[in-house]
$ cat work_4.txt   # compact mmCIF, C-alpha atoms
# COMPACT_ATOMS: atom_id res chain seq x y z
CA MET A 1 -25.88 2.61 2.56
CA GLU A 2 -23.96 1.68 5.68
CA PHE A 3 -20.94 -0.65 5.65
CA LYS A 4 -18.96 -2.28 8.43
CA LEU A 5 -15.61 -3.36 6.97
CA LYS A 6 -12.61 -5.26 8.32
CA THR A 7 -9.08 -4.37 7.26
CA PRO A 8 -7.11 -5.07 5.19
CA LEU A 9 -9.63 -4.02 2.57
CA SER A 10 -10.05 -5.60 -0.83
CA GLY A 11 -10.64 -3.77 -4.08
CA GLY A 12 -13.91 -5.65 -4.39
CA GLU A 13 -15.13 -4.07 -1.14
CA THR A 14 -13.97 -0.55 -1.89
CA ARG A 15 -15.27 -0.60 -5.48
CA LYS A 16 -18.79 -1.16 -4.06
CA LEU A 17 -18.64 1.99 -1.93
CA ARG A 18 -20.32 5.10 -3.28
CA VAL A 19 -20.33 8.77 -2.38
CA LYS A 20 -22.51 9.38 0.71
CA ASP A 21 -22.17 5.80 2.04
CA THR A 22 -21.30 5.52 5.73
CA VAL A 23 -18.39 3.28 6.78
CA HIS A 24 -17.17 1.89 10.11
CA LEU A 25 -13.81 0.10 10.15
CA SER A 26 -12.37 -2.63 12.35
CA GLY A 27 -8.84 -3.97 12.17
CA THR A 28 -5.62 -2.08 11.49
CA ILE A 29 -5.34 1.51 10.29
CA TYR A 30 -2.25 3.73 10.07
CA THR A 31 -1.92 7.44 10.79
CA ALA A 32 0.30 9.37 8.39
CA ARG A 33 0.75 13.04 7.60
CA ASP A 34 2.82 14.82 4.95
CA SER A 35 6.31 14.00 6.30
CA ALA A 36 5.46 10.30 6.48
CA HIS A 37 3.92 10.33 3.00
CA LYS A 38 7.02 12.02 1.61
CA ARG A 39 9.27 9.41 3.22
CA MET A 40 7.07 6.54 1.98
CA VAL A 41 7.46 7.85 -1.58
CA GLU A 42 11.21 8.38 -1.21
CA GLU A 43 12.18 5.30 0.84
CA GLY A 44 9.24 2.89 0.68
CA ALA A 45 6.67 2.17 3.35
CA PRO A 46 7.66 0.50 6.63
CA MET A 47 4.47 -1.60 6.52
CA ASP A 48 2.56 -3.59 3.93
CA LEU A 49 0.33 -1.18 2.02
CA GLU A 50 -1.76 -3.84 0.27
CA GLY A 51 -5.35 -3.25 1.40
CA ALA A 52 -4.21 -0.68 3.97
CA VAL A 53 -6.15 2.26 5.35
CA ILE A 54 -4.24 5.49 5.96
CA PHE A 55 -5.68 8.12 8.31
CA HIS A 56 -4.45 11.69 7.79
CA ALA A 57 -4.07 12.46 11.48
CA GLY A 58 -1.53 13.69 14.01
CA PRO A 59 -2.61 12.00 17.23
CA ILE A 60 -2.02 13.20 20.76
CA ILE A 61 -0.01 10.51 22.53
CA GLN A 62 0.96 10.02 26.17
CA GLU A 63 3.96 7.88 27.04
CA GLU A 64 4.15 6.20 30.45
CA ASP A 65 6.83 3.65 31.34
CA GLY A 66 7.65 3.03 27.68
CA GLN A 67 3.99 2.40 26.80
CA TYR A 68 2.04 4.64 24.45
CA ARG A 69 -1.57 5.66 24.95
CA MET A 70 -3.57 7.63 22.43
CA VAL A 71 -5.40 10.55 24.02
CA ALA A 72 -7.07 11.96 20.90
CA VAL A 73 -6.98 11.39 17.15
CA GLY A 74 -8.80 13.51 14.62
CA PRO A 75 -8.41 14.20 10.92
CA THR A 76 -6.01 16.75 9.52
CA THR A 77 -6.46 18.62 6.25
CA SER A 78 -5.77 16.13 3.48
CA THR A 79 -4.71 18.55 0.76
CA ARG A 80 -1.24 18.65 2.35
CA MET A 81 -0.75 15.06 1.16
CA ASN A 82 -1.64 15.83 -2.49
CA PRO A 83 1.99 15.73 -3.73
CA TYR A 84 2.42 12.13 -2.46
CA GLN A 85 -1.00 10.50 -2.14
CA ALA A 86 -1.29 9.07 -5.65
CA GLN A 87 2.02 7.20 -5.34
CA VAL A 88 1.04 5.88 -1.90
CA LEU A 89 -2.31 4.69 -3.32
CA ASP A 90 -0.44 2.96 -6.13
CA GLY A 91 1.35 0.96 -3.40
CA GLY A 92 -1.89 -0.86 -2.58
CA VAL A 93 -3.75 1.45 -0.16
CA LYS A 94 -7.52 1.00 -0.51
CA ALA A 95 -8.84 3.80 1.70
CA VAL A 96 -7.66 7.19 2.86
CA ILE A 97 -9.34 8.94 5.80
CA GLY A 98 -9.08 12.69 6.17
CA LYS A 99 -10.95 15.93 5.77
CA GLY A 100 -11.45 18.44 3.01
CA GLY A 101 -10.98 16.17 0.00
CA MET A 102 -8.02 15.89 -2.35
CA ASP A 103 -6.95 16.87 -5.86
CA ARG A 104 -7.63 15.41 -9.32
CA THR A 105 -4.34 13.47 -9.31
CA THR A 106 -5.47 11.66 -6.18
CA MET A 107 -8.91 11.08 -7.73
CA GLU A 108 -7.29 9.42 -10.73
CA ALA A 109 -5.28 7.19 -8.35
CA LEU A 110 -8.45 6.29 -6.43
CA LYS A 111 -10.12 5.24 -9.71
CA ARG A 112 -7.03 3.37 -10.93
CA ASN A 113 -6.71 1.44 -7.66
CA GLY A 114 -10.38 0.92 -6.81
CA ALA A 115 -9.90 2.97 -3.63
CA VAL A 116 -11.91 5.57 -1.72
CA PHE A 117 -11.51 8.76 0.30
CA LEU A 118 -13.43 8.65 3.58
CA SER A 119 -14.16 11.91 5.37
CA ALA A 120 -13.87 12.09 9.13
CA VAL A 121 -15.45 14.96 11.02
CA GLY A 122 -13.05 17.56 12.35
CA GLY A 123 -13.47 18.23 16.07
CA CYS A 124 -14.39 14.63 16.87
CA ALA A 125 -10.95 13.46 18.07
CA ALA A 126 -12.35 12.38 21.44
CA LEU A 127 -15.02 10.31 19.68
CA TYR A 128 -12.65 8.62 17.24
CA VAL A 129 -10.11 7.70 19.93
CA GLN A 130 -12.78 5.60 21.67
CA ALA A 131 -12.58 3.16 18.75
CA VAL A 132 -8.80 2.75 19.14
CA LYS A 133 -8.26 -0.45 21.11
CA ARG A 134 -4.46 -0.29 21.15
CA ILE A 135 -1.36 1.04 19.49
CA GLU A 136 0.34 -1.91 17.81
CA HIS A 137 3.49 -0.18 16.59
CA VAL A 138 5.03 3.18 15.77
CA PHE A 139 7.20 3.79 12.71
CA TRP A 140 9.51 6.74 12.08
CA LEU A 141 9.21 8.35 15.49
CA ASP A 142 12.22 10.43 14.45
CA LEU A 143 9.72 12.55 12.48
CA GLY A 144 8.05 13.55 15.76
CA VAL A 145 4.93 12.22 17.46
CA PRO A 146 2.33 13.85 15.15
CA GLU A 147 4.24 12.95 11.97
CA ALA A 148 5.17 9.37 12.88
CA ILE A 149 3.15 6.48 11.49
CA TRP A 150 1.04 4.96 14.27
CA GLU A 151 -0.32 1.47 13.65
CA LEU A 152 -3.68 1.27 15.40
CA GLU A 153 -5.99 -1.61 16.14
CA VAL A 154 -9.52 -0.19 15.88
CA GLU A 155 -13.03 -1.47 16.39
CA ASN A 156 -16.05 0.16 14.75
CA PHE A 157 -14.01 3.25 13.82
CA GLY A 158 -16.29 5.91 12.42
CA PRO A 159 -18.67 7.10 11.28
CA LEU A 160 -16.80 7.91 8.07
CA ILE A 161 -18.48 9.21 4.92
CA VAL A 162 -17.40 8.23 1.42
CA THR A 163 -16.72 11.57 -0.27
CA MET A 164 -14.54 10.41 -3.19
CA ASP A 165 -15.23 6.98 -4.70
CA SER A 166 -13.59 4.71 -7.24
CA THR A 167 -16.06 5.71 -9.99
CA GLY A 168 -14.74 9.28 -9.99
CA ARG A 169 -17.47 10.93 -7.95
CA ASP A 170 -16.22 13.68 -5.65
CA LEU A 171 -18.77 15.06 -3.19
CA TYR A 172 -16.59 18.11 -2.49
CA GLN A 173 -16.45 18.99 -6.20
CA GLU A 174 -20.18 18.38 -6.59
CA ALA A 175 -20.91 20.72 -3.66
CA ARG A 176 -18.67 23.43 -5.17
CA GLN A 177 -20.62 23.12 -8.43
CA GLY A 178 -23.98 23.30 -6.64
CA GLY A 179 -24.87 19.61 -7.01
CA GLU A 180 -26.97 17.66 -4.54
$ encode --input "work_4.txt" --output "structure tokens"
Amino acid sequence: MEFKLKTPLSGGETRKLRVKDTVHLSGTIYTARDSAHKRMVEEGAPMDLEGAVIFHAGPIIQEEDGQYRMVAVGPTTSTRMNPYQAQVLDGGVKAVIGKGGMDRTTMEALKRNGAVFLSAVGGCAALYVQAVKRIEHVFWLDLGVPEAIWELEVENFGPLIVTMDSTGRDLYQEARQGGE
């Protein structure tokens, strides 16, 4: 099935999503890589995580006259966030966008929180940036541009594929085991 969702997401919405569904998002999403995840676990998040969507991405940003413009934003390998993702999900996050899937600890957190993992296609950074309408805020720029948390206003961001759902299905695991 295909879903067009507006953030923040509710558990009711994400619990309906199933592996292989296609999702497009509008509203606010946040980029965050491993340094930001680590700091969120250690210090707390600088934004409200309830219903949030976190995109594992290190965007390319241009700064002109104190204004930021996103040039490209594509997914980074999500396994780097495995040590922290479950705790971040427990903070209220309802969807994680990335590539390559995540570990069993993250799967248990997805199930526990009624959340999903959405896969973005690597190499499509120029496509995904077209859905970014503006940068609303940047947190923790001291981590560096790729590692900072960028708060993005997006419209019809996708396509994203549900590859890990709240029922415990994991398309990556199924593919490794020779499933359909």
$ residues_around --input "work_4.txt" --residues "range 121-127 of chain A" --least-positions-apart "3" --cutoff "12 Å" --atoms "only C-alpha atoms" --output "PyMOL selection string"
chain A and resi 56-60+70-78+97-101+118+130-132+156-163
$ closest_atom_pairs --input "work_4.txt" --of "range 24-117 of chain A" --to "range 2-9 of chain A" --cutoff "7 Å" --atoms "all atoms listed in the file" --output "JSON lines"
{"residue": "A:His24", "atom": "CA", "partner": "A:Lys4", "partner_atom": "CA", "distance": 4.8}
{"residue": "A:Leu25", "atom": "CA", "partner": "A:Leu5", "partner_atom": "CA", "distance": 5.0}
{"residue": "A:Ser26", "atom": "CA", "partner": "A:Lys6", "partner_atom": "CA", "distance": 4.8}
{"residue": "A:Gly27", "atom": "CA", "partner": "A:Thr7", "partner_atom": "CA", "distance": 4.9}
{"residue": "A:Thr28", "atom": "CA", "partner": "A:Thr7", "partner_atom": "CA", "distance": 5.9}
{"residue": "A:Gly51", "atom": "CA", "partner": "A:Leu9", "partner_atom": "CA", "distance": 4.5}
{"residue": "A:Ala52", "atom": "CA", "partner": "A:Pro8", "partner_atom": "CA", "distance": 5.4}
{"residue": "A:Lys94", "atom": "CA", "partner": "A:Leu9", "partner_atom": "CA", "distance": 6.3}
$ residues_around --input "work_4.txt" --residues "Gln87 in chain A" --least-positions-apart "5" --cutoff "10 Å" --atoms "all atoms listed in the file" --output "PyMOL selection string"
chain A and resi 37-38+40-41+82+92-93+105-106+109
$ closest_residue --input "work_4.txt" --among "A:Val19, A:Val129, A:Leu171, A:Val96" --to "Phe117 in chain A" --atoms "all atoms listed in the file"
A:Val96
$ residues_near_point --input "work_4.txt" --point "(4.4, 2.3, -3.0)" --cutoff "7 Å" --atoms "all atoms listed in the file" --output "list in words"
Val41, Gly44, Ala45, Gln87, Val88, Asp90 and Gly91 of chain A
$ atom_distance --input "work_4.txt" --atom1 "CA of Met81 in chain A" --atom2 "CA of Leu110 in chain A"
13.9 Å
$ atom_distance --input "work_4.txt" --atom1 "CA of Ala148 in chain A" --atom2 "CA of Asp103 in chain A"
23.5 Å
$ atom_distance --input "work_4.txt" --atom1 "CA of Leu49 in chain A" --atom2 "CA of His137 in chain A"
14.9 Å
$ closest_residue --input "work_4.txt" --among "A:Phe139, A:Glu155, A:Val23, A:Thr14" --to "Ala120 in chain A" --atoms "only C-alpha atoms"
A:Val23
$ closest_residue --input "work_4.txt" --among "A:Ile29, A:Val116, A:Val145, A:Ile61" --to "Asp48 in chain A" --atoms "only C-alpha atoms"
A:Ile29
$ closest_residue --input "work_4.txt" --among "A:Gly114, A:Pro46, A:Gly144, A:Gly66" --to "Ser10 in chain A" --atoms "all atoms listed in the file"
A:Gly114
$ closest_residue --input "work_4.txt" --among "A:Ala175, A:Met47, A:Leu152, A:Leu17" --to "Tyr128 in chain A" --atoms "only C-alpha atoms"
A:Leu152
$ closest_residue --input "work_4.txt" --among "A:Ile135, A:Ile149, A:Ala115, A:Val53" --to "Arg18 in chain A" --atoms "only C-alpha atoms"
A:Ala115
$ residues_near_point --input "work_4.txt" --point "(9.1, 18.0, 12.0)" --cutoff "12 Å" --atoms "all atoms listed in the file" --output "number ranges by chain"
A: 33-36, 58, 140-148
$ axis_aligned_box --input "work_4.txt" --around "range 1-7 of chain A" --padding-each-side "3 Å" --output "AutoDock Vina command-line options"
--center_x -17.5 --center_y -1.3 --center_z 5.5 --size_x 22.8 --size_y 13.9 --size_z 11.9
